[in-house]
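Structure data (PDB, C-alpha atoms and all ligand atoms) from query_37.pdb:
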```
ATOM      1  CA  MET A1178      19.928 -34.591  61.072  1.00  0.00           C
ATOM      2  CA  GLU A1179      21.343 -37.643  62.781  1.00  0.00           C
ATOM      3  CA  ARG A1180      22.037 -35.587  65.899  1.00  0.00           C
ATOM      4  CA  LEU A1181      18.457 -34.338  65.907  1.00  0.00           C
ATOM      5  CA  GLN A1182      17.063 -37.857  65.937  1.00  0.00           C
ATOM      6  CA  ARG A1183      19.287 -38.788  68.884  1.00  0.00           C
ATOM      7  CA  LEU A1184      18.386 -35.575  70.687  1.00  0.00           C
ATOM      8  CA  ARG A1185      14.698 -36.206  70.187  1.00  0.00           C
ATOM      9  CA  ALA A1186      15.076 -39.600  71.853  1.00  0.00           C
ATOM     10  CA  GLU A1187      17.272 -38.267  74.673  1.00  0.00           C
ATOM     11  CA  LEU A1188      14.809 -35.502  75.534  1.00  0.00           C
ATOM     12  CA  LYS A1189      11.770 -37.750  75.014  1.00  0.00           C
ATOM     13  CA  ALA A1190      10.321 -35.015  72.843  1.00  0.00           C
ATOM     14  CA  ASP A1191       6.813 -35.913  71.629  1.00  0.00           C
ATOM     15  CA  VAL A1192       6.930 -33.383  68.820  1.00  0.00           C
ATOM     16  CA  VAL A1193       9.578 -31.281  67.072  1.00  0.00           C
ATOM     17  CA  ILE A1194       8.776 -28.069  65.240  1.00  0.00           C
ATOM     18  CA  ALA A1195      11.454 -26.234  63.260  1.00  0.00           C
ATOM     19  CA  ASN A1196      11.572 -22.873  61.568  1.00  0.00           C
ATOM     20  CA  GLY A1197      13.102 -23.663  58.183  1.00  0.00           C
ATOM     21  CA  GLU A1198      13.196 -20.235  56.596  1.00  0.00           C
ATOM     22  CA  ASN A1199      16.965 -20.234  55.988  1.00  0.00           C
ATOM     23  CA  VAL A1200      17.842 -23.860  55.311  1.00  0.00           C
ATOM     24  CA  ALA A1201      18.593 -23.208  51.616  1.00  0.00           C
ATOM     25  CA  ALA A1202      22.180 -22.012  52.266  1.00  0.00           C
ATOM     26  CA  GLY A1203      20.912 -19.119  54.334  1.00  0.00           C
ATOM     27  CA  ASN A1204      18.039 -17.968  52.137  1.00  0.00           C
ATOM     28  CA  GLY A1205      14.586 -19.501  52.148  1.00  0.00           C
ATOM     29  CA  ILE A1206      13.658 -23.144  51.654  1.00  0.00           C
ATOM     30  CA  THR A1207      12.917 -25.542  48.809  1.00  0.00           C
ATOM     31  CA  ALA A1208      10.507 -28.486  48.563  1.00  0.00           C
ATOM     32  CA  THR A1209      13.430 -30.925  48.513  1.00  0.00           C
ATOM     33  CA  LEU A1210      14.908 -29.457  51.688  1.00  0.00           C
ATOM     34  CA  ALA A1211      11.521 -29.338  53.407  1.00  0.00           C
ATOM     35  CA  LYS A1212      10.946 -33.025  52.634  1.00  0.00           C
ATOM     36  CA  THR A1213      14.418 -33.855  53.931  1.00  0.00           C
ATOM     37  CA  LEU A1214      13.735 -32.077  57.231  1.00  0.00           C
ATOM     38  CA  LEU A1215      10.338 -33.724  57.569  1.00  0.00           C
ATOM     39  CA  GLY A1216      11.949 -37.118  57.001  1.00  0.00           C
ATOM     40  CA  THR A1217      14.489 -36.745  59.758  1.00  0.00           C
ATOM     41  CA  GLY A1218      12.591 -36.192  62.972  1.00  0.00           C
ATOM     42  CA  ILE A1219      10.852 -32.868  62.376  1.00  0.00           C
ATOM     43  CA  ASP A1220       7.047 -32.954  62.507  1.00  0.00           C
ATOM     44  CA  ALA A1221       6.222 -29.540  61.085  1.00  0.00           C
ATOM     45  CA  ILE A1222       8.042 -26.591  59.534  1.00  0.00           C
ATOM     46  CA  THR A1223       7.307 -22.930  60.099  1.00  0.00           C
ATOM     47  CA  LEU A1224       8.720 -20.016  58.128  1.00  0.00           C
ATOM     48  CA  GLY A1225       9.506 -16.332  58.500  1.00  0.00           C
ATOM     49  CA  ASP A1226      10.325 -13.212  56.544  1.00  0.00           C
ATOM     50  CA  HIS A1227      12.550 -15.206  54.146  1.00  0.00           C
ATOM     51  CA  VAL A1228       9.607 -17.429  53.202  1.00  0.00           C
ATOM     52  CA  TRP A1229       9.678 -16.534  49.492  1.00  0.00           C
ATOM     53  CA  ASP A1230      13.456 -16.295  48.963  1.00  0.00           C
ATOM     54  CA  GLN A1231      13.697 -19.426  46.775  1.00  0.00           C
ATOM     55  CA  ARG A1232      12.112 -19.247  43.338  1.00  0.00           C
ATOM     56  CA  GLY A1233       9.414 -21.866  42.832  1.00  0.00           C
ATOM     57  CA  TRP A1234       8.718 -22.367  46.542  1.00  0.00           C
ATOM     58  CA  GLU A1235       5.495 -20.376  46.171  1.00  0.00           C
ATOM     59  CA  ASP A1236       4.282 -23.128  43.809  1.00  0.00           C
ATOM     60  CA  ASP A1237       5.407 -25.994  46.040  1.00  0.00           C
ATOM     61  CA  ILE A1238       4.341 -24.906  49.526  1.00  0.00           C
ATOM     62  CA  ASP A1239       0.701 -25.963  49.104  1.00  0.00           C
ATOM     63  CA  ASP A1240       1.794 -29.547  48.397  1.00  0.00           C
ATOM     64  CA  LEU A1241       3.341 -29.862  51.866  1.00  0.00           C
ATOM     65  CA  PRO A1242       0.592 -30.222  54.507  1.00  0.00           C
ATOM     66  CA  THR A1243       2.934 -29.924  57.505  1.00  0.00           C
ATOM     67  CA  VAL A1244       4.484 -26.631  56.413  1.00  0.00           C
ATOM     68  CA  CYS A1245       2.954 -23.247  57.149  1.00  0.00           C
ATOM     69  CA  ARG A1246       3.873 -19.731  56.081  1.00  0.00           C
ATOM     70  CA  PRO A1247       3.470 -16.804  58.479  1.00  0.00           C
ATOM     71  CA  ALA A1248      -0.233 -16.480  59.295  1.00  0.00           C
ATOM     72  CA  ASN A1249      -0.395 -12.688  59.109  1.00  0.00           C
ATOM     73  CA  LEU A1250       0.815 -12.364  55.526  1.00  0.00           C
ATOM     74  CA  PRO A1251      -1.817 -11.182  53.035  1.00  0.00           C
ATOM     75  CA  GLU A1252      -4.643 -13.689  52.444  1.00  0.00           C
ATOM     76  CA  SER A1253      -3.669 -13.968  48.796  1.00  0.00           C
ATOM     77  CA  CYS A1254      -0.288 -15.538  49.625  1.00  0.00           C
ATOM     78  CA  PRO A1255       0.015 -19.283  48.990  1.00  0.00           C
ATOM     79  CA  GLY A1256       0.601 -21.753  51.803  1.00  0.00           C
ATOM     80  CA  ALA A1257      -1.266 -22.750  54.939  1.00  0.00           C
ATOM     81  CA  ARG A1258      -1.564 -20.308  57.851  1.00  0.00           C
ATOM     82  CA  TYR A1259      -1.314 -23.085  60.413  1.00  0.00           C
ATOM     83  CA  VAL A1260      -0.549 -26.773  60.790  1.00  0.00           C
ATOM     84  CA  ILE A1261      -2.227 -29.305  63.060  1.00  0.00           C
ATOM     85  CA  VAL A1262       0.074 -32.101  64.205  1.00  0.00           C
ATOM     86  CA  ASP A1263      -1.333 -35.268  65.758  1.00  0.00           C
ATOM     87  CA  VAL A1264       0.824 -35.922  68.830  1.00  0.00           C
ATOM     88  CA  LYS A1265      -0.330 -39.305  70.169  1.00  0.00           C
ATOM     89  CA  GLY A1266      -3.939 -38.200  69.772  1.00  0.00           C
ATOM     90  CA  PHE A1267      -3.365 -34.644  71.015  1.00  0.00           C
ATOM     91  CA  LYS A1268      -4.092 -32.191  68.219  1.00  0.00           C
ATOM     92  CA  LEU A1269      -1.342 -29.580  68.354  1.00  0.00           C
ATOM     93  CA  GLY A1270      -1.978 -26.402  66.375  1.00  0.00           C
ATOM     94  CA  VAL A1271       1.130 -24.556  65.208  1.00  0.00           C
ATOM     95  CA  PHE A1272       1.405 -21.176  63.572  1.00  0.00           C
ATOM     96  CA  THR A1273       3.758 -18.224  63.168  1.00  0.00           C
ATOM     97  CA  VAL A1274       3.094 -14.520  63.133  1.00  0.00           C
ATOM     98  CA  LEU A1275       5.593 -11.990  61.831  1.00  0.00           C
ATOM     99  CA  GLY A1276       6.412  -8.967  63.918  1.00  0.00           C
ATOM    100  CA  ARG A1277       6.218  -5.533  62.329  1.00  0.00           C
ATOM    101  CA  THR A1278       8.755  -3.523  64.343  1.00  0.00           C
ATOM    102  CA  PHE A1279      12.071  -3.202  62.417  1.00  0.00           C
ATOM    103  CA  MET A1280      10.815  -5.821  59.924  1.00  0.00           C
ATOM    104  CA  GLY A1281      10.711  -5.211  56.176  1.00  0.00           C
ATOM    105  CA  MET A1282       7.928  -7.563  55.145  1.00  0.00           C
ATOM    106  CA  LYS A1283       4.328  -6.466  54.685  1.00  0.00           C
ATOM    107  CA  ALA A1284       2.315  -8.179  57.396  1.00  0.00           C
ATOM    108  CA  GLU A1285      -0.953  -7.612  59.205  1.00  0.00           C
ATOM    109  CA  CYS A1286      -1.011  -6.931  62.954  1.00  0.00           C
ATOM    110  CA  PRO A1287       0.524  -9.986  64.711  1.00  0.00           C
ATOM    111  CA  PHE A1288      -1.663  -9.498  67.791  1.00  0.00           C
ATOM    112  CA  LEU A1289      -4.958  -9.442  65.897  1.00  0.00           C
ATOM    113  CA  GLY A1290      -3.609 -12.069  63.501  1.00  0.00           C
ATOM    114  CA  ALA A1291      -2.816 -14.449  66.356  1.00  0.00           C
ATOM    115  CA  ASP A1292      -6.249 -13.793  67.886  1.00  0.00           C
ATOM    116  CA  ALA A1293      -7.920 -14.703  64.588  1.00  0.00           C
ATOM    117  CA  VAL A1294      -5.992 -17.954  64.104  1.00  0.00           C
ATOM    118  CA  LEU A1295      -6.555 -19.016  67.710  1.00  0.00           C
ATOM    119  CA  LYS A1296     -10.287 -18.473  67.198  1.00  0.00           C
ATOM    120  CA  GLU A1297     -10.184 -20.492  64.002  1.00  0.00           C
ATOM    121  CA  LEU A1298      -8.386 -23.328  65.813  1.00  0.00           C
ATOM    122  CA  GLU A1299     -11.023 -23.562  68.564  1.00  0.00           C
ATOM    123  CA  GLY A1300     -12.511 -27.044  68.301  1.00  0.00           C
ATOM    124  CA  LYS A1301      -9.823 -28.135  65.851  1.00  0.00           C
ATOM    125  CA  ALA A1302      -6.765 -28.134  68.130  1.00  0.00           C
ATOM    126  CA  ASP A1303      -6.331 -29.277  71.748  1.00  0.00           C
ATOM    127  CA  GLY A1304      -3.541 -26.770  72.271  1.00  0.00           C
ATOM    128  CA  VAL A1305      -1.603 -24.270  70.180  1.00  0.00           C
ATOM    129  CA  LEU A1306       2.071 -23.387  69.858  1.00  0.00           C
ATOM    130  CA  VAL A1307       2.611 -19.848  68.601  1.00  0.00           C
ATOM    131  CA  GLU A1308       5.844 -18.608  67.059  1.00  0.00           C
ATOM    132  CA  ILE A1309       6.570 -14.890  66.953  1.00  0.00           C
ATOM    133  CA  HIS A1310       9.115 -14.250  64.212  1.00  0.00           C
ATOM    134  CA  ALA A1311      10.296 -10.756  64.998  1.00  0.00           C
ATOM    135  CA  GLU A1312      13.213  -8.442  65.657  1.00  0.00           C
ATOM    136  CA  ALA A1313      12.027  -6.395  68.632  1.00  0.00           C
ATOM    137  CA  THR A1314      12.085  -8.031  72.066  1.00  0.00           C
ATOM    138  CA  SER A1315       9.317  -5.657  73.186  1.00  0.00           C
ATOM    139  CA  GLU A1316       6.959  -6.900  70.476  1.00  0.00           C
ATOM    140  CA  LYS A1317       7.716 -10.528  71.283  1.00  0.00           C
ATOM    141  CA  ILE A1318       7.279 -10.110  75.036  1.00  0.00           C
ATOM    142  CA  ALA A1319       4.063  -8.152  74.535  1.00  0.00           C
ATOM    143  CA  LEU A1320       2.648 -10.945  72.364  1.00  0.00           C
ATOM    144  CA  GLY A1321       3.590 -13.499  75.024  1.00  0.00           C
ATOM    145  CA  TRP A1322       1.561 -11.609  77.605  1.00  0.00           C
ATOM    146  CA  HIS A1323      -1.255 -11.018  75.104  1.00  0.00           C
ATOM    147  CA  LEU A1324      -1.611 -14.767  74.547  1.00  0.00           C
ATOM    148  CA  ASP A1325      -0.955 -15.887  78.126  1.00  0.00           C
ATOM    149  CA  GLY A1326      -3.458 -18.594  79.024  1.00  0.00           C
ATOM    150  CA  ARG A1327      -4.481 -19.083  75.384  1.00  0.00           C
ATOM    151  CA  ALA A1328      -1.390 -20.816  73.962  1.00  0.00           C
ATOM    152  CA  ILE A1329       0.817 -23.669  75.152  1.00  0.00           C
ATOM    153  CA  ALA A1330       3.808 -21.475  74.422  1.00  0.00           C
ATOM    154  CA  VAL A1331       4.838 -18.356  72.558  1.00  0.00           C
ATOM    155  CA  LEU A1332       8.367 -18.805  71.234  1.00  0.00           C
ATOM    156  CA  GLY A1333      10.402 -16.193  69.412  1.00  0.00           C
ATOM    157  CA  THR A1334      12.643 -16.636  66.378  1.00  0.00           C
ATOM    158  CA  HIS A1335      14.435 -14.471  63.798  1.00  0.00           C
ATOM    159  CA  THR A1336      17.267 -12.803  65.757  1.00  0.00           C
ATOM    160  CA  HIS A1337      19.417 -15.986  65.656  1.00  0.00           C
ATOM    161  CA  VAL A1338      20.478 -15.324  69.260  1.00  0.00           C
ATOM    162  CA  PRO A1339      19.010 -17.437  72.091  1.00  0.00           C
ATOM    163  CA  THR A1340      17.747 -15.430  75.032  1.00  0.00           C
ATOM    164  CA  ALA A1341      17.986 -16.163  78.765  1.00  0.00           C
ATOM    165  CA  ASP A1342      14.353 -15.427  79.595  1.00  0.00           C
ATOM    166  CA  ALA A1343      12.634 -18.832  79.285  1.00  0.00           C
ATOM    167  CA  CYS A1344       9.679 -18.885  81.658  1.00  0.00           C
ATOM    168  CA  VAL A1345       6.065 -19.836  82.183  1.00  0.00           C
ATOM    169  CA  LEU A1346       3.760 -16.814  82.315  1.00  0.00           C
ATOM    170  CA  PRO A1347       1.163 -16.585  85.129  1.00  0.00           C
ATOM    171  CA  LYS A1348      -1.746 -18.083  83.182  1.00  0.00           C
ATOM    172  CA  GLY A1349       0.339 -21.035  81.970  1.00  0.00           C
ATOM    173  CA  THR A1350       1.827 -20.064  78.617  1.00  0.00           C
ATOM    174  CA  GLY A1351       5.498 -20.908  78.134  1.00  0.00           C
ATOM    175  CA  PHE A1352       7.582 -18.104  76.725  1.00  0.00           C
ATOM    176  CA  MET A1353      11.050 -17.445  75.341  1.00  0.00           C
ATOM    177  CA  CYS A1354      12.013 -14.328  73.419  1.00  0.00           C
ATOM    178  CA  ASP A1355      14.232 -16.159  70.938  1.00  0.00           C
ATOM    179  CA  VAL A1356      15.139 -19.827  70.699  1.00  0.00           C
ATOM    180  CA  GLY A1357      18.284 -19.035  68.704  1.00  0.00           C
ATOM    181  CA  MET A1358      19.738 -20.418  65.506  1.00  0.00           C
ATOM    182  CA  THR A1359      20.664 -23.923  64.492  1.00  0.00           C
ATOM    183  CA  GLY A1360      23.792 -23.199  62.488  1.00  0.00           C
ATOM    184  CA  PRO A1361      27.342 -21.852  62.747  1.00  0.00           C
ATOM    185  CA  TYR A1362      27.928 -19.656  65.799  1.00  0.00           C
ATOM    186  CA  ALA A1363      31.474 -18.619  64.765  1.00  0.00           C
ATOM    187  CA  SER A1364      29.780 -16.063  62.541  1.00  0.00           C
ATOM    188  CA  VAL A1365      27.626 -12.959  62.489  1.00  0.00           C
ATOM    189  CA  LEU A1366      24.089 -14.359  62.457  1.00  0.00           C
ATOM    190  CA  GLY A1367      25.317 -17.380  60.476  1.00  0.00           C
ATOM    191  CA  ARG A1368      27.424 -15.454  57.919  1.00  0.00           C
ATOM    192  CA  GLU A1369      31.208 -15.267  57.554  1.00  0.00           C
ATOM    193  CA  VAL A1370      32.561 -12.622  59.912  1.00  0.00           C
ATOM    194  CA  ALA A1371      34.998 -10.631  57.721  1.00  0.00           C
ATOM    195  CA  PRO A1372      32.531  -9.420  55.021  1.00  0.00           C
ATOM    196  CA  VAL A1373      30.035  -8.336  57.661  1.00  0.00           C
ATOM    197  CA  ILE A1374      32.670  -6.303  59.530  1.00  0.00           C
ATOM    198  CA  GLY A1375      33.784  -4.859  56.188  1.00  0.00           C
ATOM    199  CA  ARG A1376      30.249  -3.817  55.382  1.00  0.00           C
ATOM    200  CA  PHE A1377      29.941  -2.055  58.727  1.00  0.00           C
ATOM    201  CA  LEU A1378      33.281  -0.300  58.162  1.00  0.00           C
ATOM    202  CA  ASP A1379      32.790   1.088  54.660  1.00  0.00           C
ATOM    203  CA  GLY A1380      29.188   0.326  53.652  1.00  0.00           C
ATOM    204  CA  MET A1381      30.263  -1.353  50.394  1.00  0.00           C
ATOM    205  CA  PRO A1382      28.231  -4.373  49.165  1.00  0.00           C
ATOM    206  CA  ARG A1383      29.764  -7.820  49.649  1.00  0.00           C
ATOM    207  CA  ARG A1384      28.726 -11.451  49.402  1.00  0.00           C
ATOM    208  CA  PHE A1385      27.799 -12.785  52.815  1.00  0.00           C
ATOM    209  CA  GLU A1386      28.673 -16.484  52.606  1.00  0.00           C
ATOM    210  CA  VAL A1387      27.297 -18.884  55.200  1.00  0.00           C
ATOM    211  CA  ALA A1388      29.920 -19.609  57.890  1.00  0.00           C
ATOM    212  CA  GLU A1389      30.945 -23.149  58.814  1.00  0.00           C
ATOM    213  CA  ASN A1390      32.413 -23.312  62.301  1.00  0.00           C
ATOM    214  CA  ASP A1391      30.955 -23.955  65.749  1.00  0.00           C
ATOM    215  CA  VAL A1392      27.702 -25.448  64.466  1.00  0.00           C
ATOM    216  CA  ARG A1393      25.086 -25.852  67.185  1.00  0.00           C
ATOM    217  CA  ILE A1394      21.483 -26.914  67.513  1.00  0.00           C
ATOM    218  CA  SER A1395      19.592 -24.271  69.473  1.00  0.00           C
ATOM    219  CA  ALA A1396      16.027 -24.893  70.584  1.00  0.00           C
ATOM    220  CA  ALA A1397      13.466 -24.497  73.335  1.00  0.00           C
ATOM    221  CA  LEU A1398      12.044 -27.534  75.106  1.00  0.00           C
ATOM    222  CA  VAL A1399       8.505 -27.006  76.398  1.00  0.00           C
ATOM    223  CA  ASP A1400       6.935 -29.320  78.965  1.00  0.00           C
ATOM    224  CA  TYR A1401       3.144 -29.203  78.910  1.00  0.00           C
ATOM    225  CA  ASP A1402       0.629 -30.615  81.397  1.00  0.00           C
ATOM    226  CA  GLU A1403      -2.383 -31.755  79.378  1.00  0.00           C
ATOM    227  CA  VAL A1404      -4.595 -32.129  82.453  1.00  0.00           C
ATOM    228  CA  ALA A1405      -3.812 -28.734  83.994  1.00  0.00           C
ATOM    229  CA  LYS A1406      -3.694 -27.242  80.478  1.00  0.00           C
ATOM    230  CA  ARG A1407      -0.546 -25.258  81.174  1.00  0.00           C
ATOM    231  CA  ALA A1408       3.131 -25.327  80.355  1.00  0.00           C
ATOM    232  CA  THR A1409       5.233 -26.433  83.310  1.00  0.00           C
ATOM    233  CA  GLU A1410       8.706 -25.568  82.054  1.00  0.00           C
ATOM    234  CA  VAL A1411      10.529 -23.976  79.129  1.00  0.00           C
ATOM    235  CA  ARG A1412      14.265 -24.372  78.775  1.00  0.00           C
ATOM    236  CA  LEU A1413      16.953 -23.620  76.272  1.00  0.00           C
ATOM    237  CA  ILE A1414      18.586 -26.588  74.561  1.00  0.00           C
ATOM    238  CA  THR A1415      22.041 -26.124  73.050  1.00  0.00           C
ATOM    239  CA  VAL A1416      23.957 -28.932  71.376  1.00  0.00           C
ATOM    240  CA  ARG A1417      27.430 -28.382  69.978  1.00  0.00           C
ATOM    241  CA  ARG A1418      28.873 -30.377  67.085  1.00  0.00           C
ATOM    242  CA  GLY A1419      30.398 -33.505  68.523  1.00  0.00           C
ATOM    243  CA  GLY A1420      27.713 -33.779  71.161  1.00  0.00           C
ATOM    244  CA  GLY A1421      28.816 -31.273  73.828  1.00  0.00           C
ATOM    245  CA  GLY A1422      26.344 -30.253  76.539  1.00  0.00           C
ATOM    246  CA  ARG A1423      22.901 -28.831  76.713  1.00  0.00           C
TER     247      ARG A1423
HETATM  248 FE    FE B1501      13.734 -14.124  59.807  1.00  0.00          FE
END
```

In structure tokens, write the structure found in this file.
Ligand SMILES: [Fe+2]
Amino acid sequence: MERLQRLRAELKADVVIANGENVAAGNGITATLAKTLLGTGIDAITLGDHVWDQRGWEDDIDDLPTVCRPANLPESCPGARYVIVDVKGFKLGVFTVLGRTFMGMKAECPFLGADAVLKELEGKADGVLVEIHAEATSEKIALGWHLDGRAIAVLGTHTHVPTADACVLPKGTGFMCDVGMTGPYASVLGREVAPVIGRFLDGMPRRFEVAENDVRISAALVDYDEVAKRATEVRLITVRRGGGGR
């Protein structure tokens, strides 16, 4: 948390959005944890397929106005579908859509879902950041192109692995397939290595404890030109414990 506040100042970041779906020891989020994140330099929290992993969160999410659940979940689900953050007078809309390829959760079409939320945000937001929380790179890239010129950026999450494809699409939307995980990289997707290898070897169930070593912040930094109404740069940010490089 302390490192995030320093990083925010170093990068002169006007706004910080975090996906918090696994902050509760690798499974979901709680109200206490959400409030902690929001008190330490994060402006809004998005979520993913682990949104309902913590019991009671479904009762708490509506009390947190800067937290949104994936927008393309069924209408009956609790929680906001988007958040609007005031960034020095600029109204930034933020929402997440879940992918459907290789994903277990029941979700509506992310393409039509994103279209619907963007339409709803017309007149309410000056620009919109879209998160695609999905497994398949093809689905994420396709959504980036689908929203090119209509979103400030389309940024992917969920695979835990940052990708080397940060770019600005032709009509001005920043894109990155996956911004990576903030967590332990000496791991398999944040979990201790040995049980995961064991599971692959014999298929027997095991506890997958959260790993501890080589903790890094991984993020995407988007520069946006308000006058030209287009992203000018997207780049990967990596910070190792102890402050090593970006
Ligand atoms: Fe996920």

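In this model, the gap between atom CA of A:Asn1390 and atom CA of A:Leu1332 comes to 26.0 Å.
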
> Near A:Ala1319, counting all atoms listed in the file, which residues have an atom at most 12 Å away, once you skip same-chain residues fewer than 4 positions from it, shown as number ranges by chain?
Replying inline: A: 1276, 1287-1288, 1309, 1311, 1313-1315, 1323-1325, 1331-1333, 1346, 1352-1354

>> Take the PyMOL selection byres (((not hetatm)) within 9 of (chain B and resi 1501)), run it mentally on this structure, and tell me the resulting residues as a VMD selection string.
In response: chain A and resid 1198 to 1199 1224 to 1228 1275 1280 1310 to 1312 1334 to 1337

> Pick the closest to A:Arg1185 from A:Pro1247, A:Pro1339, A:Gly1266, A:Ile1394: which is it, counting all atoms listed in the file?
Replying inline: A:Ile1394

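The space separating atom CA of A:Asn1196 from atom CA of A:Gly1349 comes to 23.4 Å.
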
> Leaving out A:Arg1393 and any residue of its chain fewer than 4 positions from it, which residues lie within 6 Å of it when counting only C-alpha atoms, given as a PyMOL selection string?
Replying inline: chain A and resi 1359-1360+1416-1418

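With only C-alpha atoms as the basis for measurement, A:Glu1308 is the residue among A:Glu1179, A:Glu1316, A:Glu1297, A:Glu1308 that approaches A:Ala1397 most closely.
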
>> Just want the 12 Å neighbourhood of A:Glu1389, counted on only C-alpha atoms, with same-chain residues fewer than 6 positions away dropped. Output as a VMD selection string.
In response: chain A and resid 1202 to 1203 1359 to 1370 1418
